[in-house]
Amino acid sequence: MSRRLTRYRKALASFWALYRKNKFGMAGLIMFVFFAILAILADAIAMAFGYTFEDHVLAVTSVATITPTELFCAIAYGARVSLVVGIAASVCSVGIGTLIGMVSGFIGGKVDEALMRITDFIMMLPGLPLLIVLAAVLRGGGSALGLGLIILVIAILGWTGTARVVRSQVLSLKERPFVEAARAIGASDRYILFRHILPNVMPLVMTYMVLGVPGAILSEASLTFLGLGVDPTRNISWGVILYWAASVPIGGGGAGGALIYLTKPWVVVPPGLCITLLTLATILMGYAMDEILNPRLRRR
């Protein structure tokens, strides 16, 4: 056990030594850490300005009168939702895709054919419209989805690309000499799959996991903006701020007033910019990891 732990530590140290030399990867990591700290300290930031979470829900709901300090605290709370949904949905979708890709590539035959036709069918469907329909169906008669259901919806539709890539990798790996040697000494398929195949596809899986976060963040913001995500009357997310900015008129209500985003652009620019920067951060981190973990790219 100690020998394996030492090996993992050396691998991690080697990865970090290569990663910190990548300027784009470090820029992405710095931005990601900033938003993570903002999310962790959201309660402390609100208390420093003399607010509570309920105050911010009320302020965002009546966004026409929101102050810059209230908006900043709301953005800090919104970072929590984006990070939780982005990371959890990416982990779930990549996990599903990895499992399906490994089983499909390793077993082959009719199982491979059936799984890949299902994958092709889901890949063919338009992403956002299907996401909206699925969110509406799961919501039922409720006002909005909970975080758990949002993560489930995004994961259900986000695993196909990973499954395809992992399957291709497994098709190559299962013909390698070390797999043939394991079969020769009587190793079971399960042992080969999880002790020999999985460790060799993990670098690819980790890269796809990081690169899957931006899509999940954008999907959550899109669903919430359309009123199908988190409950805008009880929660705060960047999508919620944009939702109210496009829903609440100033002066006269209904058709009698202009919408917030037309008269107060400073309300919508910060959450939109945060979505953009967090998405960019994870993309930069993902590409940096791909360059490090992909031997062909690293040699270039």
# chains A, B, ... in the order shown; residues from 1 in each chain; ligands from 1
$ closest_atom_pairs --of "segment 74-164 of chain A" --to "segment 278-298 of chain A" --cutoff "10 Å" --atoms "only C-alpha atoms" --output "JSON lines"
{"residue": "A:Ala79", "atom": "CA", "partner": "A:Leu278", "partner_atom": "CA", "distance": 9.1}
{"residue": "A:Ser82", "atom": "CA", "partner": "A:Leu278", "partner_atom": "CA", "distance": 8.8}
{"residue": "A:Leu83", "atom": "CA", "partner": "A:Leu278", "partner_atom": "CA", "distance": 8.8}
{"residue": "A:Gly86", "atom": "CA", "partner": "A:Thr279", "partner_atom": "CA", "distance": 9.5}
$ write_last_selection --atoms "N, CA and C atoms" --output "compact mmCIF listing (two decimals), in the first residue's frame"
# COMPACT_ATOMS: atom_id res chain seq x y z
N ALA A 79 -22.06 31.48 -7.54
CA ALA A 79 -20.88 30.67 -7.87
C ALA A 79 -21.01 29.26 -7.29
N SER A 82 -23.24 27.16 -9.68
CA SER A 82 -22.55 26.85 -10.93
C SER A 82 -21.47 25.80 -10.73
N LEU A 83 -20.68 25.91 -9.66
CA LEU A 83 -19.61 24.96 -9.41
C LEU A 83 -20.16 23.58 -9.04
N GLY A 86 -21.86 22.18 -12.24
CA GLY A 86 -20.86 21.92 -13.27
C GLY A 86 -20.01 20.70 -12.96
$ select_by_dssp --residues "segment 27-73 of chain A" --states "alpha helix (DSSP H)" --output "MDAnalysis selection string"
chainID A and resid 27:40 42:48 53:61 68:73
$ closest_atom_pairs --of "segment 180-297 of chain A" --to "segment 87-95 of chain A" --cutoff "6 Å" --atoms "only C-alpha atoms" --output "JSON lines"
{"residue": "A:Met209", "atom": "CA", "partner": "A:Ser90", "partner_atom": "CA", "distance": 5.6}
{"residue": "A:Gly212", "atom": "CA", "partner": "A:Ser90", "partner_atom": "CA", "distance": 5.1}
{"residue": "A:Val213", "atom": "CA", "partner": "A:Ser90", "partner_atom": "CA", "distance": 5.3}
$ write_last_selection --atoms "N, CA and C atoms" --output "mmCIF file, in the first residue's frame"
data_model
loop_
_atom_site.group_PDB
_atom_site.id
_atom_site.type_symbol
_atom_site.label_atom_id
_atom_site.label_comp_id
_atom_site.auth_asym_id
_atom_site.auth_seq_id
_atom_site.Cartn_x
_atom_site.Cartn_y
_atom_site.Cartn_z
ATOM 1 N N MET A 209 -13.583 14.946 -18.154
ATOM 2 C CA MET A 209 -14.312 15.376 -16.971
ATOM 3 C C MET A 209 -14.172 16.887 -16.776
ATOM 4 N N GLY A 212 -15.953 18.768 -19.530
ATOM 5 C CA GLY A 212 -17.405 18.664 -19.462
ATOM 6 C C GLY A 212 -18.043 19.679 -18.543
ATOM 7 N N VAL A 213 -17.247 20.305 -17.679
ATOM 8 C CA VAL A 213 -17.781 21.284 -16.726
ATOM 9 C C VAL A 213 -18.392 22.498 -17.422
#
$ closest_atom_pairs --of "segment 113-160 of chain A" --to "segment 167-176 of chain A" --cutoff "12 Å" --atoms "only C-alpha atoms" --output "Markdown table"
| residue | atom | partner | partner_atom | distance |
| --- | --- | --- | --- | --- |
| A:Glu113 | CA | A:Arg167 | CA | 11.6 |
| A:Leu115 | CA | A:Arg167 | CA | 10.4 |
| A:Met116 | CA | A:Arg167 | CA | 9.2 |
| A:Thr119 | CA | A:Arg167 | CA | 11.3 |
| A:Thr160 | CA | A:Arg167 | CA | 10.7 |
$ closest_atom_pairs --of "segment 53-105 of chain A" --to "segment 268-275 of chain A" --cutoff "10 Å" --atoms "only C-alpha atoms" --output "Markdown table"
| residue | atom | partner | partner_atom | distance |
| --- | --- | --- | --- | --- |
| A:Leu71 | CA | A:Pro270 | CA | 8.6 |
| A:Phe72 | CA | A:Pro270 | CA | 8.4 |
| A:Ala74 | CA | A:Pro271 | CA | 9.3 |
| A:Ile75 | CA | A:Pro271 | CA | 6.5 |
| A:Ala76 | CA | A:Pro271 | CA | 9.8 |
| A:Gly78 | CA | A:Pro271 | CA | 8.4 |
| A:Ala79 | CA | A:Cys274 | CA | 8.3 |
| A:Ser82 | CA | A:Ile275 | CA | 8.3 |
$ write_last_selection --atoms "C-alpha atoms" --output "PDB file, in the first residue's frame"
ATOM      1  CA  LEU A  71     -25.439  42.035  -6.581  1.00  0.00           C
ATOM      2  CA  PHE A  72     -21.861  41.151  -5.621  1.00  0.00           C
ATOM      3  CA  ALA A  74     -25.660  37.323  -5.004  1.00  0.00           C
ATOM      4  CA  ILE A  75     -22.927  36.520  -7.525  1.00  0.00           C
ATOM      5  CA  ALA A  76     -20.889  34.891  -4.731  1.00  0.00           C
ATOM      6  CA  GLY A  78     -24.441  31.978  -7.539  1.00  0.00           C
ATOM      7  CA  ALA A  79     -20.879  30.671  -7.869  1.00  0.00           C
ATOM      8  CA  SER A  82     -22.547  26.855 -10.930  1.00  0.00           C
TER       9      SER A  82
END
$ atom_distance --atom1 "atom CA of Trp159 of chain A" --atom2 "atom CA of Thr98 of chain A"
8.0 Å
$ residues_around --residues "Ile154 of chain A" --least-positions-apart "4" --cutoff "8 Å" --atoms "only C-alpha atoms" --output "ChimeraX atom specification"
/A:89,93,131,150,158,216,219
$ write_last_selection --atoms "N, CA and C atoms" --output "compact mmCIF listing (two decimals), in the first residue's frame"
# COMPACT_ATOMS: atom_id res chain seq x y z
N ALA A 89 -22.40 17.32 -12.43
CA ALA A 89 -22.97 16.85 -13.69
C ALA A 89 -21.89 16.29 -14.60
N SER A 93 -21.89 12.46 -15.88
CA SER A 93 -21.99 12.16 -17.31
C SER A 93 -20.76 11.42 -17.82
N LEU A 131 -32.97 19.02 -23.81
CA LEU A 131 -32.72 19.37 -22.42
C LEU A 131 -33.94 20.08 -21.82
N ILE A 150 -31.47 18.72 -11.84
CA ILE A 150 -30.73 19.44 -12.88
C ILE A 150 -29.47 18.67 -13.26
N GLY A 158 -25.33 14.09 -21.52
CA GLY A 158 -23.96 14.54 -21.76
C GLY A 158 -22.89 13.46 -21.82
N ALA A 216 -21.92 21.86 -18.69
CA ALA A 216 -22.89 21.72 -17.59
C ALA A 216 -23.25 23.07 -17.00
N SER A 219 -25.51 24.81 -19.43
CA SER A 219 -26.83 24.17 -19.46
C SER A 219 -27.67 24.60 -18.27
$ residues_around --residues "Val133 of chain A" --least-positions-apart "5" --cutoff "12 Å" --atoms "only C-alpha atoms" --output "list of chain:residue names"
A:Leu125, A:Pro126, A:Gly127, A:Leu128, A:Leu138, A:Arg139, A:Gly140, A:Val153, A:Ile154, A:Leu157, A:Leu223, A:Leu226, A:Leu228
$ atom_distance --atom1 "atom CA of Tyr8 of chain A" --atom2 "atom CA of Pro203 of chain A"
13.5 Å
$ residues_around --residues "Trp244 of chain A" --least-positions-apart "6" --cutoff "8 Å" --atoms "only C-alpha atoms" --output "number ranges by chain"
A: 60-63, 232
$ residues_around --residues "Val81 of chain A" --least-positions-apart "6" --cutoff "9 Å" --atoms "only C-alpha atoms" --output "ChimeraX atom specification"
/A:39,147,217,220,236-238
$ write_last_selection --atoms "C-alpha atoms" --output "PDB file, in the first residue's frame"
ATOM      1  CA  ALA A  39     -18.347  30.272  -3.450  1.00  0.00           C
ATOM      2  CA  LEU A 147     -30.166  20.773  -8.049  1.00  0.00           C
ATOM      3  CA  ILE A 217     -22.522  25.296 -16.305  1.00  0.00           C
ATOM      4  CA  GLU A 220     -27.799  25.085 -15.892  1.00  0.00           C
ATOM      5  CA  ILE A 236     -29.658  32.340  -6.228  1.00  0.00           C
ATOM      6  CA  SER A 237     -27.628  31.413  -9.265  1.00  0.00           C
ATOM      7  CA  TRP A 238     -26.171  33.411 -12.109  1.00  0.00           C
TER       8      TRP A 238
END
$ closest_residue --among "A:Ile260, A:Ile132, A:Leu198, A:Ile107" --to "Ala245 of chain A" --atoms "only C-alpha atoms"
A:Ile260
$ closest_atom_pairs --of "segment 71-181 of chain A" --to "segment 190-196 of chain A" --cutoff "8 Å" --atoms "only C-alpha atoms" --output "CSV"
residue,atom,partner,partner_atom,distance
A:Met102,CA,A:Leu193,CA,7.6
A:Phe106,CA,A:Leu193,CA,7.7
A:Val179,CA,A:Ile192,CA,6.9
$ write_last_selection --atoms "C-alpha atoms" --output "PDB file, in the first residue's frame"
ATOM      1  CA  MET A 102     -15.639   0.312 -21.611  1.00  0.00           C
ATOM      2  CA  PHE A 106     -14.429  -4.731 -24.338  1.00  0.00           C
ATOM      3  CA  VAL A 179      -4.070  -7.774 -21.761  1.00  0.00           C
TER       4      VAL A 179
END
$ closest_residue --among "A:Ala114, A:Leu277, A:Phe178, A:Leu5" --to "Val33 of chain A" --atoms "only C-alpha atoms"
A:Leu277
